[in-house]
>>> print(open('run_7.cif').read())   # mmCIF, C-alpha atoms
data_model
#
loop_
_atom_site.label_atom_id
_atom_site.label_comp_id
_atom_site.auth_asym_id
_atom_site.auth_seq_id
_atom_site.Cartn_x
_atom_site.Cartn_y
_atom_site.Cartn_z
CA MET A 295 108.26 -137.91 117.74
CA ILE A 296 105.29 -135.95 119.04
CA GLU A 297 104.15 -133.26 116.59
CA THR A 298 101.96 -130.25 117.21
CA ASP A 299 101.02 -126.85 115.80
CA VAL A 300 101.66 -124.88 118.99
CA LEU A 301 103.68 -125.89 122.04
CA VAL A 302 103.24 -123.70 125.12
CA VAL A 303 105.97 -124.08 127.74
CA GLY A 304 104.74 -123.16 131.21
CA SER A 305 101.22 -123.30 132.57
CA GLY A 306 101.10 -120.12 134.60
CA PRO A 307 98.28 -117.70 133.80
CA ALA A 308 100.05 -116.31 130.70
CA GLY A 309 100.82 -119.76 129.26
CA SER A 310 97.34 -121.13 129.91
CA SER A 311 95.80 -118.03 128.36
CA ALA A 312 97.97 -118.45 125.25
CA ALA A 313 97.14 -122.16 125.03
CA LYS A 314 93.42 -121.51 125.41
CA HIS A 315 93.26 -118.88 122.69
CA ALA A 316 95.49 -120.82 120.28
CA ALA A 317 93.22 -123.85 120.77
CA LEU A 318 90.10 -121.73 120.29
CA SER A 319 91.52 -120.62 116.93
CA GLY A 320 91.59 -124.26 115.88
CA ALA A 321 95.29 -125.05 116.34
CA LYS A 322 96.55 -128.32 117.82
CA VAL A 323 98.04 -127.23 121.13
CA ILE A 324 100.22 -128.94 123.75
CA LEU A 325 100.77 -127.17 127.09
CA ILE A 326 103.61 -128.48 129.25
CA ASP A 327 104.53 -127.60 132.84
CA LYS A 328 107.47 -128.90 134.84
CA LYS A 329 105.59 -129.02 138.12
CA SER A 330 103.40 -131.73 139.54
CA GLU A 331 100.76 -129.20 140.56
CA ILE A 332 99.86 -126.24 138.35
CA GLY A 333 99.71 -123.04 140.41
CA SER A 334 101.77 -124.31 143.32
CA PRO A 335 103.86 -122.98 144.94
CA LYS A 336 102.53 -119.48 144.32
CA ARG A 337 105.06 -116.71 143.79
CA CYS A 338 102.63 -113.86 143.94
CA ALA A 339 100.66 -111.44 146.11
CA GLU A 340 97.52 -112.45 144.16
CA GLY A 341 96.00 -109.06 143.26
CA VAL A 342 94.21 -108.47 139.92
CA SER A 343 92.12 -105.62 138.53
CA LYS A 344 88.44 -106.08 137.73
CA GLU A 345 88.79 -104.45 134.29
CA GLY A 346 91.64 -106.83 133.50
CA LEU A 347 89.54 -109.95 134.08
CA LYS A 348 86.64 -108.39 132.21
CA PHE A 349 88.80 -107.65 129.16
CA LEU A 350 89.88 -111.30 129.17
CA GLY A 351 86.25 -112.39 129.34
CA ILE A 352 86.79 -114.21 132.63
CA GLU A 353 83.93 -114.20 135.13
CA PRO A 354 85.32 -114.16 138.69
CA LYS A 355 84.41 -117.24 140.73
CA ILE A 356 84.12 -115.80 144.22
CA ASP A 357 84.90 -118.30 146.99
CA ARG A 358 86.44 -120.62 144.40
CA TRP A 359 89.50 -118.93 142.94
CA ALA A 360 88.78 -115.29 143.84
CA VAL A 361 88.65 -114.91 147.59
CA LYS A 362 88.12 -111.21 148.17
CA GLU A 363 86.93 -108.04 146.52
CA ILE A 364 89.10 -104.96 147.09
CA ASP A 365 87.81 -101.40 147.15
CA GLY A 366 90.86 -99.22 147.67
CA ILE A 367 94.49 -98.90 148.62
CA ARG A 368 96.42 -97.43 151.54
CA LEU A 369 99.88 -96.02 150.90
CA VAL A 370 102.07 -95.84 154.00
CA ALA A 371 105.12 -93.56 154.29
CA PRO A 372 108.15 -94.55 156.42
CA ASN A 373 106.90 -92.57 159.45
CA GLY A 374 103.45 -94.20 159.26
CA THR A 375 101.66 -91.29 157.58
CA ASP A 376 99.15 -92.80 155.19
CA VAL A 377 97.27 -91.82 152.04
CA TRP A 378 94.02 -93.62 151.19
CA LEU A 379 92.79 -94.02 147.62
CA ASN A 380 89.43 -95.53 146.76
CA ASP A 381 88.46 -97.43 143.65
CA GLU A 382 86.94 -94.37 141.94
CA ILE A 383 90.32 -93.87 140.30
CA GLU A 384 92.05 -96.58 138.26
CA LEU A 385 94.16 -98.68 140.60
CA PRO A 386 96.33 -101.39 139.09
CA GLU A 387 96.09 -104.84 140.72
CA ALA A 388 93.28 -103.65 143.07
CA GLY A 389 90.06 -105.51 142.28
CA PHE A 390 90.13 -109.09 143.43
CA ILE A 391 92.49 -111.17 145.50
CA LEU A 392 92.94 -114.60 143.96
CA GLU A 393 93.77 -117.98 145.37
CA ARG A 394 96.49 -118.66 142.81
CA LYS A 395 96.75 -122.37 143.57
CA VAL A 396 93.12 -122.71 142.47
CA PHE A 397 93.06 -119.94 139.86
CA ASP A 398 96.01 -121.27 137.85
CA LYS A 399 94.48 -124.74 137.69
CA HIS A 400 91.17 -123.29 136.51
CA MET A 401 92.94 -121.32 133.79
CA ALA A 402 94.73 -124.49 132.64
CA MET A 403 91.37 -126.31 132.68
CA ASP A 404 89.92 -123.57 130.47
CA ALA A 405 92.77 -124.25 128.03
CA ALA A 406 92.05 -127.99 128.18
CA ARG A 407 88.33 -127.42 127.57
CA ALA A 408 89.24 -125.32 124.54
CA GLY A 409 91.09 -128.36 123.22
CA ALA A 410 94.67 -128.09 124.50
CA GLU A 411 96.51 -131.23 125.64
CA ILE A 412 98.17 -130.73 129.03
CA ARG A 413 101.30 -132.56 130.14
CA ILE A 414 102.34 -131.87 133.71
CA LYS A 415 105.66 -132.86 135.30
CA THR A 416 107.28 -132.24 131.91
CA LEU A 417 110.40 -130.08 131.74
CA ALA A 418 111.74 -128.34 128.62
CA LYS A 419 115.50 -128.93 128.55
CA GLY A 420 116.53 -127.39 125.27
CA LEU A 421 115.43 -126.35 121.84
CA GLU A 422 116.68 -126.63 118.32
CA LYS A 423 115.56 -125.06 115.05
CA ARG A 424 114.85 -127.62 112.35
CA GLY A 425 113.50 -126.29 109.06
CA ASP A 426 110.29 -124.35 109.62
CA SER A 427 109.78 -125.71 113.14
CA PHE A 428 111.31 -126.05 116.59
CA ILE A 429 112.27 -129.31 118.24
CA VAL A 430 111.83 -128.94 122.00
CA LYS A 431 113.71 -131.47 124.12
CA CYS A 432 111.62 -132.57 127.08
CA GLU A 433 112.05 -134.71 130.16
CA SER A 434 109.35 -136.40 132.19
CA PHE A 435 110.01 -138.95 134.95
CA GLY A 436 113.51 -139.51 133.64
CA GLU A 437 112.34 -140.15 130.09
CA LEU A 438 113.81 -137.88 127.39
CA PHE A 439 111.73 -137.13 124.30
CA GLU A 440 111.20 -134.47 121.66
CA ILE A 441 108.22 -132.40 120.60
CA LYS A 442 108.21 -130.94 117.10
CA THR A 443 106.19 -127.75 116.91
CA LYS A 444 105.44 -125.15 114.25
CA ILE A 445 105.29 -122.43 116.89
CA VAL A 446 106.64 -122.46 120.44
CA ILE A 447 105.13 -120.06 122.95
CA ALA A 448 107.62 -119.46 125.78
CA ALA A 449 105.76 -118.90 129.04
CA ASP A 450 108.56 -120.22 131.22
CA GLY A 451 108.58 -117.43 133.79
CA PRO A 452 111.39 -115.13 134.92
CA GLU A 453 114.00 -117.77 134.07
CA SER A 454 113.14 -117.23 130.41
CA HIS A 455 115.28 -120.10 129.12
CA ILE A 456 113.31 -120.76 125.94
CA GLY A 457 113.57 -117.23 124.53
CA ARG A 458 117.29 -117.18 125.22
CA TRP A 459 117.84 -120.62 123.67
CA ALA A 460 116.08 -119.28 120.57
CA GLY A 461 118.50 -116.36 120.43
CA LEU A 462 116.15 -113.65 121.71
CA LYS A 463 117.53 -111.37 124.38
CA THR A 464 114.91 -112.11 127.01
CA GLN A 465 117.21 -112.18 130.02
CA THR A 466 116.38 -109.96 132.99
CA LYS A 467 119.39 -108.02 134.24
CA ALA A 468 120.04 -108.44 137.97
CA LYS A 469 119.23 -104.76 138.59
CA ASN A 470 115.77 -105.27 137.06
CA MET A 471 114.98 -108.46 138.97
CA GLU A 472 113.31 -107.72 142.27
CA SER A 473 113.61 -110.42 144.92
CA GLY A 474 110.15 -111.08 146.26
CA ILE A 475 109.38 -112.84 149.50
CA GLN A 476 106.09 -113.28 151.29
CA PHE A 477 104.36 -114.91 154.22
CA GLU A 478 100.72 -115.87 154.12
CA MET A 479 99.68 -114.97 157.68
CA CYS A 480 96.73 -115.09 160.02
CA ASN A 481 95.99 -112.83 163.03
CA VAL A 482 96.73 -109.86 160.77
CA GLU A 483 95.16 -106.67 162.16
CA MET A 484 94.59 -104.29 159.27
CA GLU A 485 92.98 -100.87 159.58
CA ASP A 486 90.58 -101.90 156.80
CA PRO A 487 90.67 -105.50 155.55
CA ASN A 488 89.16 -104.46 152.20
CA VAL A 489 92.11 -102.41 150.96
CA LEU A 490 95.59 -103.25 149.75
CA GLU A 491 98.41 -101.75 151.81
CA PHE A 492 101.74 -100.57 150.38
CA TYR A 493 104.71 -99.52 152.53
CA PHE A 494 107.52 -97.46 151.05
CA GLY A 495 111.06 -96.43 151.98
CA LYS A 496 113.96 -98.23 153.66
CA VAL A 497 111.62 -101.02 154.70
CA ALA A 498 112.23 -102.48 151.21
CA PRO A 499 115.15 -100.87 149.33
CA GLY A 500 114.46 -100.72 145.59
CA GLY A 501 110.97 -102.09 146.12
CA TYR A 502 108.11 -101.89 148.59
CA ALA A 503 106.33 -103.97 151.21
CA TRP A 504 102.68 -104.99 150.97
CA ILE A 505 99.79 -106.45 152.88
CA PHE A 506 97.11 -107.92 150.61
CA PRO A 507 94.09 -109.17 152.59
CA LYS A 508 92.61 -112.56 151.69
CA GLU A 509 90.03 -112.96 154.44
CA ASN A 510 89.25 -111.04 157.64
CA ASP A 511 92.51 -111.74 159.47
CA ILE A 512 94.36 -113.58 156.69
CA ALA A 513 96.72 -111.73 154.36
CA ASN A 514 99.71 -112.03 152.07
CA VAL A 515 102.44 -110.04 153.80
CA GLY A 516 105.48 -109.57 151.62
CA LEU A 517 108.06 -107.32 150.11
CA ALA A 518 110.36 -107.03 147.14
CA VAL A 519 113.86 -105.59 147.19
CA THR A 520 116.52 -104.96 144.58
CA ALA A 521 119.55 -107.00 145.69
CA SER A 522 122.05 -104.30 144.70
CA GLU A 523 120.29 -101.75 146.96
CA THR A 524 120.72 -103.68 150.20
CA ASP A 525 123.17 -105.89 152.09
CA LYS A 526 120.39 -107.85 153.74
CA THR A 527 118.48 -110.66 152.07
CA ALA A 528 114.83 -110.21 151.14
CA PHE A 529 114.00 -112.69 153.89
CA GLU A 530 115.79 -110.62 156.56
CA HIS A 531 113.90 -107.51 155.41
CA LEU A 532 110.61 -109.37 155.66
CA VAL A 533 111.30 -110.57 159.19
CA ASP A 534 112.15 -106.97 160.17
CA PHE A 535 108.94 -105.74 158.55
CA VAL A 536 106.55 -108.16 160.22
CA THR A 537 108.08 -107.56 163.65
CA THR A 538 107.77 -103.75 163.38
CA CYS A 539 104.55 -103.28 161.39
CA PRO A 540 101.58 -102.69 163.73
CA ALA A 541 99.29 -104.83 161.55
CA THR A 542 101.47 -107.94 161.86
CA LYS A 543 102.79 -107.81 165.41
CA ASN A 544 100.52 -110.71 166.43
CA ALA A 545 100.47 -112.40 163.04
CA GLN A 546 101.59 -115.97 162.41
CA ALA A 547 102.91 -117.30 159.10
CA VAL A 548 101.44 -120.44 157.57
CA GLU A 549 103.25 -120.24 154.25
CA LEU A 550 106.45 -118.79 152.78
CA ASN A 551 106.70 -117.76 149.12
CA VAL A 552 109.85 -116.76 147.26
CA GLY A 553 110.50 -115.59 143.73
CA GLY A 554 112.08 -113.13 141.34
CA ASP A 555 109.99 -110.49 139.61
CA PRO A 556 111.24 -108.97 136.33
CA VAL A 557 110.37 -105.28 136.69
CA GLY A 558 112.50 -103.70 133.96
CA GLY A 559 109.58 -103.21 131.57
CA PHE A 560 108.62 -105.14 128.43
CA VAL A 561 111.42 -107.14 126.82
CA LYS A 562 112.04 -105.77 123.32
CA ASN A 563 112.36 -109.02 121.37
CA ILE A 564 109.31 -111.08 122.21
CA TYR A 565 108.92 -112.84 118.87
CA GLY A 566 110.97 -114.42 116.14
CA ASP A 567 110.55 -117.08 113.46
CA ASN A 568 108.32 -119.79 115.00
CA ILE A 569 108.44 -118.29 118.52
CA LEU A 570 106.47 -115.98 120.81
CA VAL A 571 107.42 -115.09 124.40
CA VAL A 572 104.74 -114.24 126.99
CA GLY A 573 104.28 -113.38 130.66
CA ASP A 574 107.16 -112.95 133.10
CA ALA A 575 109.48 -114.47 130.48
CA ALA A 576 108.74 -111.40 128.33
CA GLY A 577 108.88 -108.92 131.23
CA GLN A 578 105.13 -108.35 130.90
CA VAL A 579 104.89 -107.05 134.44
CA ASN A 580 103.76 -103.67 135.73
CA PRO A 581 107.18 -102.28 136.70
CA LEU A 582 105.70 -100.15 139.47
CA THR A 583 103.55 -102.71 141.26
CA GLY A 584 105.30 -105.88 140.12
CA GLY A 585 101.88 -107.26 139.19
CA GLY A 586 101.86 -109.44 136.11
CA ILE A 587 98.79 -111.67 136.09
CA ILE A 588 96.52 -109.53 133.93
CA SER A 589 99.29 -108.18 131.68
CA GLY A 590 100.69 -111.69 131.19
CA MET A 591 97.28 -113.19 130.47
CA THR A 592 96.32 -110.38 128.11
CA CYS A 593 99.52 -110.70 126.11
CA GLY A 594 99.08 -114.49 126.36
CA MET A 595 95.67 -114.11 124.74
CA PHE A 596 97.17 -112.00 121.94
CA ALA A 597 99.96 -114.58 121.46
CA GLY A 598 97.43 -117.43 121.28
CA GLN A 599 95.31 -115.56 118.74
CA VAL A 600 98.29 -114.60 116.57
CA ALA A 601 99.69 -118.15 116.73
CA GLY A 602 96.28 -119.59 115.80
CA GLU A 603 96.02 -117.27 112.81
CA ALA A 604 99.58 -118.10 111.73
CA ILE A 605 98.75 -121.83 111.81
CA LYS A 606 95.66 -121.24 109.67
CA GLU A 607 97.73 -119.31 107.14
CA GLY A 608 100.65 -121.73 107.27
CA ASN A 609 103.05 -118.85 107.91
CA TYR A 610 105.12 -118.87 111.12
CA SER A 611 107.64 -116.24 110.10
CA SER A 612 108.86 -113.50 112.34
CA LYS A 613 107.03 -111.01 110.10
CA GLN A 614 103.71 -112.82 110.51
CA LEU A 615 104.16 -113.14 114.28
CA SER A 616 105.22 -109.50 114.73
CA LYS A 617 101.55 -108.65 114.97
CA TYR A 618 101.69 -110.03 118.52
CA ALA A 619 104.20 -107.38 119.64
CA ASP A 620 102.11 -104.65 117.99
CA MET A 621 99.00 -105.80 119.88
CA CYS A 622 100.82 -105.87 123.23
CA ASP A 623 102.36 -102.49 122.59
CA GLU A 624 99.11 -100.91 121.49
CA HIS A 625 97.20 -102.32 124.43
CA MET A 626 99.61 -101.51 127.25
CA GLY A 627 102.96 -100.25 125.97
CA ALA A 628 102.39 -96.59 126.83
CA LYS A 629 100.94 -97.43 130.23
CA MET A 630 103.92 -99.62 131.13
CA LYS A 631 106.37 -96.86 130.16
CA LYS A 632 104.48 -94.47 132.43
CA TYR A 633 104.61 -96.95 135.31
CA LEU A 634 108.35 -97.46 134.77
CA LYS A 635 108.94 -93.70 135.05
CA THR A 636 106.76 -93.48 138.14
CA LYS A 637 108.71 -96.32 139.72
CA GLU A 638 112.05 -94.66 139.01
CA TYR A 639 110.71 -91.51 140.65
CA LEU A 640 109.21 -93.24 143.67
CA PHE A 641 112.32 -95.29 144.38
CA SER A 642 114.56 -92.21 144.09
CA LEU A 643 112.85 -90.54 147.04
CA THR A 644 114.38 -90.55 150.52
CA ASP A 645 112.35 -91.52 153.57
CA ASP A 646 112.07 -87.81 154.51
CA GLU A 647 110.74 -86.91 151.07
CA LEU A 648 108.23 -89.76 151.19
CA ASN A 649 107.05 -88.61 154.62
CA SER A 650 106.53 -85.00 153.54
CA ILE A 651 104.75 -86.02 150.33
CA ALA A 652 102.42 -88.36 152.22
CA ASP A 653 101.76 -85.56 154.69
CA ALA A 654 100.82 -83.10 151.92
CA PHE A 655 98.53 -85.56 150.15
CA GLN A 656 96.85 -86.97 153.21
CA ASN A 657 93.50 -85.28 152.63
CA VAL A 658 93.61 -84.76 148.89
CA LYS A 659 90.72 -86.11 146.84
CA PHE A 660 92.64 -87.84 144.09
CA LYS A 661 89.70 -88.13 141.74
CA GLU A 662 89.53 -84.36 141.50
CA ILE A 663 93.20 -83.51 141.50
CA SER A 664 94.68 -82.14 138.28
CA THR A 665 98.28 -82.45 137.16
CA THR A 666 98.88 -78.75 137.85
CA GLU A 667 97.50 -79.13 141.34
CA LEU A 668 99.68 -82.19 141.88
CA ILE A 669 102.78 -80.24 140.88
CA LYS A 670 101.76 -77.26 143.07
CA GLN A 671 101.50 -79.59 146.05
CA LEU A 672 104.87 -81.14 145.29
CA VAL A 673 106.56 -77.70 145.06
CA LYS A 674 105.20 -76.90 148.48
CA VAL A 675 106.41 -80.07 150.17
CA SER A 676 109.68 -80.75 148.46
CA PRO A 677 111.22 -78.82 145.58
CA LYS A 678 113.93 -81.46 145.50
CA ALA A 679 111.39 -84.22 145.02
CA LEU A 680 109.85 -82.21 142.18
CA LEU A 681 113.22 -81.70 140.55
CA LYS A 682 113.69 -85.47 140.50
CA LEU A 683 110.29 -85.79 138.88
CA GLY A 684 111.16 -83.17 136.26
CA LYS A 685 114.26 -85.12 135.21
CA LEU A 686 112.20 -88.20 134.49
CA PHE A 687 109.24 -86.89 132.53
CA MET B 26 127.78 -124.72 143.52
CA ILE B 27 126.39 -125.80 146.87
CA VAL B 28 122.59 -125.56 146.99
CA LYS B 29 121.40 -125.33 150.58
CA ASP B 30 118.45 -127.46 151.60
CA TRP B 31 116.24 -124.41 152.16
CA CYS B 32 116.29 -123.53 148.45
CA SER B 33 112.69 -123.30 147.22
CA PHE B 34 113.58 -123.62 143.50
CA CYS B 35 112.03 -120.23 142.69
CA GLY B 36 114.40 -119.84 139.75
CA GLU B 37 115.46 -116.25 140.38
CA CYS B 38 119.13 -117.37 140.11
CA ALA B 39 118.40 -118.90 136.70
CA GLY B 40 116.66 -115.72 135.57
CA VAL B 41 119.61 -113.46 136.32
CA CYS B 42 122.36 -115.88 135.15
CA PRO B 43 123.83 -113.98 132.19
CA ARG B 44 124.86 -117.22 130.49
CA ASN B 45 121.62 -119.16 131.01
CA LEU B 46 123.44 -121.99 132.80
CA ILE B 47 121.02 -122.91 135.59
CA GLU B 48 118.29 -125.49 134.99
CA VAL B 49 115.47 -125.35 137.52
CA LYS B 50 113.62 -128.61 137.97
CA GLU B 51 110.65 -128.90 140.29
CA TYR B 52 112.87 -129.91 143.20
CA ALA B 53 116.43 -129.54 141.93
CA LEU B 54 118.87 -127.00 140.49
CA VAL B 55 121.33 -128.18 137.87
CA PHE B 56 124.34 -125.93 137.19
CA ASN B 57 126.30 -126.16 133.96
CA GLU B 58 129.48 -125.42 135.89
CA GLY B 59 131.81 -126.04 132.95
CA SER B 60 130.71 -122.79 131.28
CA CYS B 61 130.39 -120.74 134.50
CA LYS B 62 132.57 -117.61 134.72
CA GLU B 63 131.94 -117.26 138.48
CA CYS B 64 130.34 -113.83 138.21
CA ASP B 65 128.36 -114.67 141.38
CA THR B 66 125.22 -112.91 140.08
CA CYS B 67 123.12 -115.92 141.09
CA ILE B 68 124.57 -116.02 144.62
CA LYS B 69 123.82 -112.32 145.17
CA ALA B 70 120.29 -112.55 143.75
CA CYS B 71 119.09 -115.43 145.94
CA PRO B 72 116.37 -114.08 148.28
CA VAL B 73 117.21 -116.64 150.98
CA LYS B 74 121.02 -117.08 150.66
CA ALA B 75 120.69 -120.67 149.50
CA LEU B 76 123.66 -120.66 147.11
CA GLU B 77 127.29 -121.01 148.18
CA LYS B 78 130.42 -121.26 146.10
CA GLU B 79 132.38 -124.49 146.45
CA GLU B 80 135.95 -123.97 147.68
CA ASN B 81 138.44 -125.61 145.34
#
>>> encode(input="run_7.cif", output="structure tokens")
Amino acid sequence: MIETDVLVVGSGPAGSSAAKHAALSGAKVILIDKKSEIGSPKRCAEGVSKEGLKFLGIEPKIDRWAVKEIDGIRLVAPNGTDVWLNDEIELPEAGFILERKVFDKHMAMDAARAGAEIRIKTLAKGLEKRGDSFIVKCESFGELFEIKTKIVIAADGPESHIGRWAGLKTQTKAKNMESGIQFEMCNVEMEDPNVLEFYFGKVAPGGYAWIFPKENDIANVGLAVTASETDKTAFEHLVDFVTTCPATKNAQAVELNVGGDPVGGFVKNIYGDNILVVGDAAGQVNPLTGGGIISGMTCGMFAGQVAGEAIKEGNYSSKQLSKYADMCDEHMGAKMKKYLKTKEYLFSLTDDELNSIADAFQNVKFKEISTTELIKQLVKVSPKALLKLGKLF
Amino acid sequence: MIVKDWCSFCGECAGVCPRNLIEVKEYALVFNEGSCKECDTCIKACPVKALEKEEN
């Protein structure tokens, strides 16, 4: 039987980050991924914040895995009225656009250089507690084998099998799982190819549509919907969107991406005896934007550090590992709660309310606006919209 | 469960399955049908309508 200190399941950004930091702390680390190519297919619009990468100590490699720098966002109401925000205020996910197929591999390589052993095309099929360790049942090219590990770090994405097998309630309820779908397109005609575009309203019920530029006329054009809010599939909504949106009327798709995004906020139980859960598997996603690269990698880093320390101390108990949840909560817990509230508010608005709000805020300088001013504006445009806001905060 | 050939194995069905019964391999879905209560959550969640119930 293969034995290790730390087994990380899933080599997305969160898993690789965990593996890297556990290895840097001196632990023996194995990182497994079921796919034959790390990072492919992407299930992501590829936006990350600059501060996020900086906090992780990752220097962006422009033209290698980061393809574009972003300097603002454009919010588009159902009737086409738009609000522009520049990068003077903090904008989540607006900093760089990545090439995930390259980025994810580079992150896994960083883990390998730190000392982690990588096994691709290796699927985790089950897990069993044995004494003070987990036995993870794996399959690779038809061969079944077991890995005995002191700590398992579950980075297995929105499916979150590992956490659930270990008895943690990491499942995403259907109402909190947005169905994401995206084309990578060329011949996209954006008003400004250096900003991220967000489209709200009926175009994507229980979600929003986006255009994230990658190069001059190349962009990720996608949307996410909540299945219970619509009778159409996410794919049908996307086809409607690209045929009606002025920026994509001449655009051609060269790639289709599909995937679920857990947007219900942080999962409560993200640790237990001998286990830590990170990334999408732990709901570490900004519930408003659906972005989860930086949050997953940051929590992955914390998980790797806590696991490394636990190995050094020879203590893999739930109590020892609870430090991980404290670190995640301290670093981004409050922010995520705020985003969740904002999302609930935004998605409760009708197309008419969205239009009137966009109209009122069209020429507002957001850097200078105070909360009182924001509320004054909202009263003017839609007392009903404000009432909804009042119920949430 | 019938898995249509346009399934892209994104795993959203597995994520929402309340009983954790769907294994997502790189290019295959494996359903533990014996324990399935036919709640249809997976069928409704699929972004591309790739899942269809088998008629008995």
>>> resolve_selection(input="run_7.cif", expression="the PyMOL selection byres ((chain B) within 10 of (chain A))", output="PDB file with C-alpha atoms, keeping the file's coordinate frame")
ATOM      1  CA  CYS B  32     116.290-123.530 148.450  1.00  0.00           C
ATOM      2  CA  SER B  33     112.690-123.300 147.220  1.00  0.00           C
ATOM      3  CA  PHE B  34     113.580-123.620 143.500  1.00  0.00           C
ATOM      4  CA  CYS B  35     112.030-120.230 142.690  1.00  0.00           C
ATOM      5  CA  GLY B  36     114.400-119.840 139.750  1.00  0.00           C
ATOM      6  CA  GLU B  37     115.460-116.250 140.380  1.00  0.00           C
ATOM      7  CA  CYS B  38     119.130-117.370 140.110  1.00  0.00           C
ATOM      8  CA  ALA B  39     118.400-118.900 136.700  1.00  0.00           C
ATOM      9  CA  GLY B  40     116.660-115.720 135.570  1.00  0.00           C
ATOM     10  CA  VAL B  41     119.610-113.460 136.320  1.00  0.00           C
ATOM     11  CA  CYS B  42     122.360-115.880 135.150  1.00  0.00           C
ATOM     12  CA  PRO B  43     123.830-113.980 132.190  1.00  0.00           C
ATOM     13  CA  ARG B  44     124.860-117.220 130.490  1.00  0.00           C
ATOM     14  CA  ASN B  45     121.620-119.160 131.010  1.00  0.00           C
ATOM     15  CA  LEU B  46     123.440-121.990 132.800  1.00  0.00           C
ATOM     16  CA  ILE B  47     121.020-122.910 135.590  1.00  0.00           C
ATOM     17  CA  GLU B  48     118.290-125.490 134.990  1.00  0.00           C
ATOM     18  CA  VAL B  49     115.470-125.350 137.520  1.00  0.00           C
ATOM     19  CA  LYS B  50     113.620-128.610 137.970  1.00  0.00           C
ATOM     20  CA  GLU B  51     110.650-128.900 140.290  1.00  0.00           C
ATOM     21  CA  TYR B  52     112.870-129.910 143.200  1.00  0.00           C
ATOM     22  CA  THR B  66     125.220-112.910 140.080  1.00  0.00           C
ATOM     23  CA  CYS B  67     123.120-115.920 141.090  1.00  0.00           C
ATOM     24  CA  LYS B  69     123.820-112.320 145.170  1.00  0.00           C
ATOM     25  CA  ALA B  70     120.290-112.550 143.750  1.00  0.00           C
ATOM     26  CA  CYS B  71     119.090-115.430 145.940  1.00  0.00           C
ATOM     27  CA  PRO B  72     116.370-114.080 148.280  1.00  0.00           C
ATOM     28  CA  VAL B  73     117.210-116.640 150.980  1.00  0.00           C
ATOM     29  CA  LYS B  74     121.020-117.080 150.660  1.00  0.00           C
TER      30      LYS B  74
END
>>> atom_distance(input="run_7.cif", atom1="CA of Phe560 (chain A)", atom2="CA of Asp623 (chain A)")
9.0 Å
>>> resolve_selection(input="run_7.cif", expression="the PyMOL selection byres ((chain A and resi 637) around 10)", output="compact mmCIF listing (two decimals) with C-alpha atoms, in the frame of the given file")
# COMPACT_ATOMS: atom_id res chain seq x y z
CA GLY A 500 114.46 -100.72 145.59
CA GLY A 501 110.97 -102.09 146.12
CA VAL A 557 110.37 -105.28 136.69
CA ASN A 580 103.76 -103.67 135.73
CA PRO A 581 107.18 -102.28 136.70
CA LEU A 582 105.70 -100.15 139.47
CA THR A 583 103.55 -102.71 141.26
CA LYS A 631 106.37 -96.86 130.16
CA LYS A 632 104.48 -94.47 132.43
CA TYR A 633 104.61 -96.95 135.31
CA LEU A 634 108.35 -97.46 134.77
CA LYS A 635 108.94 -93.70 135.05
CA THR A 636 106.76 -93.48 138.14
CA GLU A 638 112.05 -94.66 139.01
CA TYR A 639 110.71 -91.51 140.65
CA LEU A 640 109.21 -93.24 143.67
CA PHE A 641 112.32 -95.29 144.38
CA SER A 642 114.56 -92.21 144.09
>>> residues_around(input="run_7.cif", residues="region 77-81 of chain B", least_positions_apart="6", cutoff="8 Å", atoms="all atoms listed in the file", output="ChimeraX atom specification")
/B:26-29,68
>>> resolve_selection(input="run_7.cif", expression="the PyMOL selection byres ((chain A and resi 532) around 9)", output="PyMOL selection string")
chain A and resi 475-477+497-498+503+515-518+527-531+533-537
>>> atom_distance(input="run_7.cif", atom1="CA of Thr592 (chain A)", atom2="CA of Ser612 (chain A)")
20.4 Å
>>> atom_distance(input="run_7.cif", atom1="CA of Glu422 (chain A)", atom2="CA of Gly457 (chain A)")
11.7 Å
